[in-house]
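Trainee: Contents of data-v8.txt (compact mmCIF, C-alpha atoms and all ligand atoms) are given next:
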```
# COMPACT_ATOMS: atom_id res chain seq x y z
CA MET A 1 122.57 80.59 77.57
CA SER A 2 121.79 76.91 77.13
CA ARG A 3 122.70 74.80 74.07
CA ARG A 4 119.40 72.96 74.36
CA ARG A 5 116.83 73.09 71.58
CA GLN A 6 114.65 76.17 71.88
CA ILE A 7 110.92 75.51 71.85
CA TYR A 8 109.52 79.00 72.37
CA GLU A 9 110.65 82.52 73.16
CA GLY A 10 108.33 84.76 75.14
CA LYS A 11 108.70 88.29 76.43
CA ALA A 12 110.49 87.44 79.67
CA LYS A 13 111.43 83.77 79.27
CA VAL A 14 112.81 81.28 76.78
CA ILE A 15 111.57 77.68 76.89
CA PHE A 16 114.01 74.89 75.97
CA GLU A 17 113.59 71.15 75.59
CA GLY A 18 114.40 69.52 78.94
CA PRO A 19 116.99 66.80 79.64
CA GLU A 20 114.33 64.07 80.00
CA PRO A 21 111.13 63.51 78.00
CA GLY A 22 108.20 65.38 79.49
CA THR A 23 110.39 68.16 80.90
CA LEU A 24 111.20 71.70 79.81
CA VAL A 25 113.75 74.28 80.89
CA GLN A 26 112.55 77.82 81.61
CA TYR A 27 115.28 80.44 81.09
CA PHE A 28 114.52 83.80 82.76
CA LYS A 29 115.63 86.88 80.79
CA ASP A 30 116.24 90.43 82.04
CA ASP A 31 113.94 91.74 79.27
CA ALA A 32 110.85 93.59 80.38
CA THR A 33 107.85 94.63 78.30
CA ALA A 34 104.66 96.46 79.18
CA PHE A 35 101.53 97.70 77.47
CA ASN A 36 101.49 94.74 75.09
CA ASN A 37 105.10 95.24 73.94
CA ARG A 38 104.77 98.98 73.33
CA LYS A 39 107.27 99.65 76.14
CA ARG A 40 110.44 97.56 76.21
CA GLY A 41 113.53 97.58 78.38
CA THR A 42 115.80 95.51 80.54
CA ILE A 43 115.88 95.23 84.29
CA THR A 44 119.39 94.18 85.29
CA GLY A 45 119.35 90.97 87.28
CA LYS A 46 115.57 90.50 86.97
CA GLY A 47 115.89 87.03 85.42
CA VAL A 48 118.03 85.77 88.28
CA LEU A 49 115.68 87.18 90.91
CA ASN A 50 112.48 85.97 89.20
CA ASN A 51 113.94 82.48 88.75
CA ARG A 52 114.66 82.34 92.48
CA ILE A 53 111.43 84.03 93.62
CA SER A 54 109.28 81.82 91.38
CA GLU A 55 111.13 78.71 92.59
CA TYR A 56 110.47 79.72 96.18
CA LEU A 57 106.77 80.54 95.72
CA MET A 58 106.03 77.47 93.56
CA THR A 59 107.75 75.25 96.14
CA ARG A 60 105.76 76.75 99.03
CA ILE A 61 102.52 76.42 97.02
CA GLY A 62 103.37 72.78 96.25
CA GLU A 63 103.85 72.18 99.97
CA ILE A 64 100.22 73.12 100.70
CA GLY A 65 99.07 70.53 98.17
CA VAL A 66 98.47 72.62 95.07
CA PRO A 67 100.16 70.81 92.16
CA THR A 68 102.63 72.89 90.11
CA HIS A 69 104.81 72.30 87.05
CA PHE A 70 107.97 73.18 89.02
CA LEU A 71 110.61 70.45 89.40
CA ARG A 72 113.85 72.14 90.43
CA ARG A 73 116.08 75.14 89.82
CA LEU A 74 119.05 74.27 87.62
CA ASN A 75 121.17 77.41 87.90
CA MET A 76 120.90 81.19 88.33
CA ARG A 77 118.61 81.69 85.33
CA GLU A 78 117.11 78.28 84.56
CA GLN A 79 114.58 75.96 86.15
CA LEU A 80 113.37 72.50 85.17
CA VAL A 81 109.59 72.16 84.86
CA LYS A 82 107.10 69.52 83.76
CA GLU A 83 105.94 69.87 80.17
CA VAL A 84 102.29 70.87 80.22
CA GLU A 85 99.68 71.97 77.70
CA ILE A 86 99.09 75.60 78.60
CA ILE A 87 95.44 76.61 78.93
CA PRO A 88 95.14 79.89 76.97
CA VAL A 89 93.55 81.77 79.86
CA GLU A 90 95.26 84.17 82.27
CA VAL A 91 93.62 84.05 85.69
CA VAL A 92 93.93 87.32 87.61
CA VAL A 93 93.07 87.42 91.31
CA ARG A 94 92.58 90.85 92.88
CA ASN A 95 92.43 91.93 96.51
CA VAL A 96 92.92 95.68 96.04
CA ALA A 97 91.90 97.79 93.02
CA ALA A 98 94.79 98.69 90.70
CA GLY A 99 95.87 98.86 87.07
CA SER A 100 93.38 97.95 84.37
CA PHE A 101 90.67 97.14 86.96
CA SER A 102 90.79 100.69 88.38
CA LYS A 103 90.72 102.18 84.90
CA ARG A 104 87.87 99.99 83.62
CA LEU A 105 85.60 100.43 86.64
CA GLY A 106 86.65 103.89 87.85
CA ILE A 107 87.64 102.56 91.27
CA SER A 108 90.70 104.35 92.60
CA GLU A 109 93.92 102.43 93.02
CA GLY A 110 94.37 101.18 96.55
CA THR A 111 90.64 100.60 97.27
CA ARG A 112 90.26 97.34 99.21
CA LEU A 113 87.83 95.02 97.43
CA PRO A 114 84.91 93.65 99.49
CA ARG A 115 86.14 90.19 98.57
CA SER A 116 88.76 88.71 96.26
CA ILE A 117 87.71 88.99 92.63
CA ILE A 118 88.76 86.61 89.87
CA GLU A 119 89.00 87.75 86.25
CA TYR A 120 89.94 85.88 83.08
CA TYR A 121 91.86 87.15 80.08
CA TYR A 122 92.33 85.33 76.77
CA LYS A 123 96.05 84.78 76.10
CA SER A 124 96.55 86.49 72.74
CA ASP A 125 99.20 89.09 71.97
CA GLU A 126 97.45 90.02 68.70
CA LEU A 127 94.23 90.79 70.58
CA ASP A 128 95.98 92.42 73.58
CA ASP A 129 94.77 89.73 76.06
CA PRO A 130 91.06 90.69 76.10
CA ILE A 131 89.01 90.18 79.26
CA ILE A 132 86.63 87.22 78.92
CA THR A 133 84.05 85.39 81.02
CA GLU A 134 83.57 81.74 82.01
CA GLU A 135 81.09 81.51 79.11
CA HIS A 136 83.83 82.17 76.55
CA ILE A 137 86.17 79.69 78.20
CA THR A 138 83.72 76.81 78.22
CA ALA A 139 81.94 77.64 74.91
CA PHE A 140 85.24 77.65 73.01
CA ALA A 141 86.51 74.64 75.03
CA TRP A 142 89.63 76.47 76.22
CA ALA A 143 88.86 74.62 79.44
CA THR A 144 86.02 72.30 80.47
CA PRO A 145 83.67 73.38 83.26
CA ALA A 146 85.39 70.85 85.57
CA GLU A 147 88.83 72.22 84.69
CA LEU A 148 87.63 75.77 85.27
CA ASP A 149 86.25 74.81 88.70
CA GLU A 150 89.63 73.34 89.54
CA MET A 151 91.43 76.49 88.33
CA VAL A 152 89.17 78.72 90.44
CA SER A 153 89.59 76.73 93.63
CA MET A 154 93.36 76.49 93.12
CA SER A 155 93.54 80.26 92.42
CA LEU A 156 91.66 81.10 95.64
CA ARG A 157 93.86 78.79 97.70
CA ILE A 158 96.97 80.31 96.13
CA ASN A 159 95.64 83.81 96.85
CA ASP A 160 94.93 83.05 100.52
CA PHE A 161 98.28 81.34 100.99
CA LEU A 162 100.39 83.97 99.18
CA SER A 163 98.52 86.88 100.83
CA GLY A 164 99.52 85.47 104.23
CA LEU A 165 103.06 84.62 103.16
CA PHE A 166 103.68 88.14 101.79
CA PHE A 167 101.89 89.85 104.70
CA GLY A 168 104.32 88.08 107.03
CA VAL A 169 107.20 89.96 105.36
CA GLY A 170 105.42 93.33 105.24
CA ILE A 171 104.07 93.09 101.68
CA ARG A 172 100.45 93.41 100.53
CA LEU A 173 99.50 91.11 97.64
CA VAL A 174 97.36 93.55 95.62
CA ASP A 175 96.77 91.28 92.61
CA PHE A 176 98.49 88.63 90.51
CA LYS A 177 98.21 86.68 87.27
CA ILE A 178 98.64 82.93 87.02
CA GLU A 179 98.44 80.34 84.27
CA PHE A 180 97.52 76.70 84.35
CA GLY A 181 98.43 73.70 82.22
CA ARG A 182 97.29 70.14 81.61
CA TYR A 183 99.84 67.62 82.82
CA TYR A 184 99.43 64.29 81.03
CA GLN A 185 100.67 61.21 82.85
CA GLU A 186 99.83 57.82 81.32
CA GLU A 187 95.99 57.70 81.25
CA ASP A 188 95.70 60.58 83.66
CA VAL A 189 95.48 64.33 83.07
CA ARG A 190 95.46 66.96 85.77
CA ILE A 191 95.50 70.71 86.06
CA VAL A 192 98.70 72.16 87.49
CA LEU A 193 99.92 75.70 88.18
CA ALA A 194 102.40 76.65 85.42
CA ASP A 195 104.43 79.63 84.11
CA GLU A 196 105.87 81.78 86.94
CA ILE A 197 104.93 83.82 89.98
CA SER A 198 107.19 86.84 90.43
CA PRO A 199 107.14 90.64 90.73
CA ASP A 200 106.55 90.61 86.94
CA SER A 201 103.16 88.98 87.45
CA CYS A 202 102.09 90.30 90.88
CA ARG A 203 101.42 93.71 92.37
CA LEU A 204 103.26 93.87 95.69
CA TRP A 205 103.00 96.94 97.93
CA ASP A 206 104.82 97.66 101.15
CA VAL A 207 102.24 97.27 103.93
CA GLU A 208 103.33 100.44 105.76
CA THR A 209 104.12 102.86 102.94
CA ASP A 210 102.28 101.42 99.88
CA GLU A 211 105.62 101.61 98.02
CA LYS A 212 105.40 99.50 94.87
CA LEU A 213 107.78 96.52 94.80
CA ASP A 214 106.84 95.12 91.38
CA LYS A 215 106.79 95.69 87.62
CA ASP A 216 104.68 98.85 87.98
CA ARG A 217 108.00 100.57 88.79
CA PHE A 218 109.05 99.75 85.22
CA ARG A 219 105.63 100.38 83.62
CA ARG A 220 105.32 103.80 85.27
CA ASP A 221 109.00 104.87 85.20
CA LEU A 222 109.21 105.05 88.99
CA GLY A 223 112.94 104.16 89.10
CA ASN A 224 114.78 101.70 91.36
CA VAL A 225 113.30 98.75 89.47
CA PRO A 226 116.05 96.14 90.13
CA GLU A 227 116.15 97.30 93.76
CA ALA A 228 112.42 96.60 94.16
CA TYR A 229 112.76 93.01 92.86
CA GLN A 230 115.78 92.54 95.11
CA GLU A 231 113.83 93.86 98.09
CA VAL A 232 111.10 91.25 97.52
CA ALA A 233 113.74 88.49 97.46
CA ARG A 234 115.46 89.96 100.52
CA ARG A 235 112.24 90.06 102.53
CA LEU A 236 111.46 86.48 101.55
CA GLY A 237 114.95 85.60 102.83
CA ILE A 238 116.03 84.19 99.46
CA LEU A 239 118.55 86.55 97.86
CA PRO A 240 120.22 84.41 95.17
CA GLU A 241 123.74 83.09 95.55
CA GLY A 242 126.19 85.74 94.42
CA GLY A 243 123.85 88.52 95.58
CA PRO A 244 124.41 90.62 98.68
CA THR A 245 124.46 88.37 101.73
CA ASP A 246 125.14 90.96 104.39
CA ILE A 247 121.53 92.17 104.68
CA LYS A 248 119.49 90.18 107.16
CA GLY A 249 115.75 90.28 106.54
CA PRO A 250 112.88 88.74 108.48
CA LYS A 251 112.48 85.07 107.62
CA VAL A 252 109.16 83.42 106.95
CA MET A 253 108.41 81.02 109.81
CA GLN A 254 107.96 77.48 108.59
N1 LIG A 301 99.56 90.75 84.58
C1 LIG A 301 100.52 89.93 84.02
N2 LIG A 301 100.56 89.76 82.67
C2 LIG A 301 99.68 90.37 81.83
C3 LIG A 301 98.69 91.20 82.39
C4 LIG A 301 98.66 91.39 83.77
O1 LIG A 301 101.33 89.35 84.74
O2 LIG A 301 99.75 90.15 80.60
C5 LIG A 301 99.51 90.92 86.03
C6 LIG A 301 99.91 92.33 86.47
O3 LIG A 301 101.28 92.38 86.80
C7 LIG A 301 99.06 92.53 87.70
C8 LIG A 301 97.80 91.69 87.43
O4 LIG A 301 98.16 90.75 86.44
O5 LIG A 301 99.71 91.99 88.85
C9 LIG A 301 96.63 92.51 86.96
O6 LIG A 301 97.02 93.30 85.87
P1 LIG A 301 96.03 94.37 85.21
O7 LIG A 301 94.87 93.66 84.59
O8 LIG A 301 95.70 95.43 86.21
O9 LIG A 301 96.82 94.92 83.97
P2 LIG A 301 97.90 96.07 83.83
O10 LIG A 301 97.37 97.26 84.56
O11 LIG A 301 99.14 95.48 84.41
O12 LIG A 301 97.97 96.24 82.34
```
Could you take the file, read its structure, and then write that structure out as structure tokens?
Ligand code: UDP
Mentor:
Amino acid sequence: MSRRRQIYEGKAKVIFEGPEPGTLVQYFKDDATAFNNRKRGTITGKGVLNNRISEYLMTRIGEIGVPTHFLRRLNMREQLVKEVEIIPVEVVVRNVAAGSFSKRLGISEGTRLPRSIIEYYYKSDELDDPIITEEHITAFAWATPAELDEMVSMSLRINDFLSGLFFGVGIRLVDFKIEFGRYYQEEDVRIVLADEISPDSCRLWDVETDEKLDKDRFRRDLGNVPEAYQEVARRLGILPEGGPTDIKGPKVMQ
């Protein structure tokens, strides 16, 4: 682990002060939690895979013109990111019913939604991340209406782009959670995609078999958890250095 000054420790990552002002280092742990910390465990190699998968997805998203906090990967478990002020709202985009959505609305898992649905949750461990509406976000000034508009249009672009990217490697993007931050630069402030995008924060199902390739394998004790994360990396053609290199998967065309 790094000797840098620790700023924050979350459930799956540790945030350190970065080498230059205005930067942070995200260290990806193997720790996994679910059900607001009531289930804990480790998934061997998860940190290495999520660091690489998140680097890859953030880079691709940056290439289509959506600004992100990602700067560069430093090593197997660490990446350098821009320091941002995190907006305390988790944006969830759903394409297929699953998880808490299925439970809340009584819509069986796997039902295709008539269109993509965006939900917001207030980032609060004490309150168990309650679902909220745009009204709460703007009334309590967690984000301004203009910032929220920006977050919604970025989320929909990210959903369209990632749905296609994953579909190209035989994976259905069922849903995902993203976070945004304010990046301050001189007089200017802009909203950028922050945190991570990985099988910890997405539901990813095999297109043919509906096999789950994400954290639901851990949440629901389905077994083969590290293998599922590795399979996502393999299909994206980005198994990390040091990992198996003898398996050739389809490559995303660029
Ligand atoms: N999610 C997340 N962090 C959270 C809550 C949800 O990354 O604190 C992700 C989750 O992996 C899934 C999506 O957001 O891809 C929607 O999760 P849901 O609301 O269905 O909650 P869950 O059933 O996972 O509790």
Trainee: So which residues are near ligand LIG 301 (chain A), meaning at most 7 Å away with all atoms listed in the file counted, given back as JSON, numbers by chain?
Mentor: {"A": [35, 92, 98, 99, 100, 101, 129, 175, 176, 177, 200, 201, 202, 203, 215]}
Trainee: Enter the distance from CA of Asn95 (chain A) to CA of Lys212 (chain A), in Å, rounded to one decimal.
Mentor: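 Distance reported for this atom pair: 15.1 Å.
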Trainee: So what do you get for CA of Glu83 (chain A) versus CA of Tyr183 (chain A), distance-wise?
Mentor: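 Distance between the two atoms: 7.0 Å.
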Trainee: CA of Gly181 (chain A) to CA of Ile87 (chain A): how many Å, to one decimal?
Mentor: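 Going from CA of Gly181 (chain A) over to CA of Ile87 (chain A) covers 5.3 Å.
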Trainee: Write out as JSON, numbers by chain which residues come within 10 Å of region 41-46 of chain A when counting only C-alpha atoms, dropping same-chain ones fewer than 5 positions away.
Mentor: {"A": [12, 28, 29, 30, 31, 32, 33, 34, 51, 52, 76, 77, 198, 199, 200, 215, 218, 219, 224, 225, 226, 227, 228, 229, 230, 243]}
Trainee: Between A:Lys123, A:Met58, A:Arg157, A:Gln79, which residue has the minimum interatomic distance to Val14 (chain A), considering only C-alpha atoms?
Mentor: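 Nearest to Val14 (chain A): A:Gln79.
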Trainee: From the options A:Leu105, A:Leu204, A:Ile64, A:Leu127, which residue's atoms come nearest to Ile171 (chain A), counting only C-alpha atoms?
Mentor: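 Under the stated criterion, the closest residue is A:Leu204.
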